[in-house]
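These notes are about the structure you will find just below.
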Amino acid sequence: MRAYAQISSVVFALVPLGHGFRVVRRWPLLIAGRPLPALVSLVVAVVAGAMAVWAWRLLRTHREIRGGRIARAAYRTPLSRIP
């Protein structure tokens with residue numbers, strides 16, 4: 001599960017970069033033959049960025065739990081069961 005969270009955080013960090021690059025370069029995006037406005041790319045970038053931060057925080061919490069610096073209540077997180 002830890003490897004999955006690491007890969008997810010990297011992938012979800014790259015998606016906002018791609019969408020931001022699309023907006024800056026003003027590349028058109030067509031879906032079913034219809035142009036998609038740049039605002040949609042910005043919304044997708046924000047959502048993917050939030051998911052990357054979420055995955056990164058899960059990894060960070062897991063490391064702190066393994067180091068013994070988190071209170072007992074934090075042991076209920078799904079990543080805490082990883083060997």
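Chain identifiers are assigned as A, B, and so on, following the order in which chains appear in the structure tokens; residues are numbered from 1 within each chain, and ligands are numbered from 1 in order of appearance.
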
Near range 5-19 of chain A, 6 Å: range 26-53 of chain A residue rows, closest pairs, only C-alpha atoms, as JSON lines:
{"residue": "A:Ser41", "atom": "CA", "partner": "A:His19", "partner_atom": "CA", "distance": 5.5}
{"residue": "A:Ala45", "atom": "CA", "partner": "A:Pro16", "partner_atom": "CA", "distance": 4.0}
{"residue": "A:Ala48", "atom": "CA", "partner": "A:Phe12", "partner_atom": "CA", "distance": 5.2}
{"residue": "A:Gly49", "atom": "CA", "partner": "A:Ala13", "partner_atom": "CA", "distance": 5.8}
{"residue": "A:Ala52", "atom": "CA", "partner": "A:Ser9", "partner_atom": "CA", "distance": 4.4}

Report summary line: Closest of A:Leu59, A:Leu39, A:Arg34, A:Trp54 to Arg2 in chain A, counting only C-alpha atoms, is A:Leu59

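Considering only C-alpha atoms, the residue among A:Leu36, A:Leu58, A:Leu42, A:Ala3 positioned nearest to Phe21 in chain A is A:Leu42.
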
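Between CA of Val44 in chain A and CA of Val24 in chain A the interatomic distance comes to 14.8 Å.
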
**Report entry** Between CA of Arg57 in chain A and CA of Val40 in chain A, distance in Å (one decimal)
**Finding:**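 Distance between the two atoms: 25.9 Å.
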
Report task. Quote the spacing between CA of Met51 in chain A and CA of Ile31 in chain A in Å to one decimal place. Result ->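 That distance, rounded to one decimal, is 23.7 Å.
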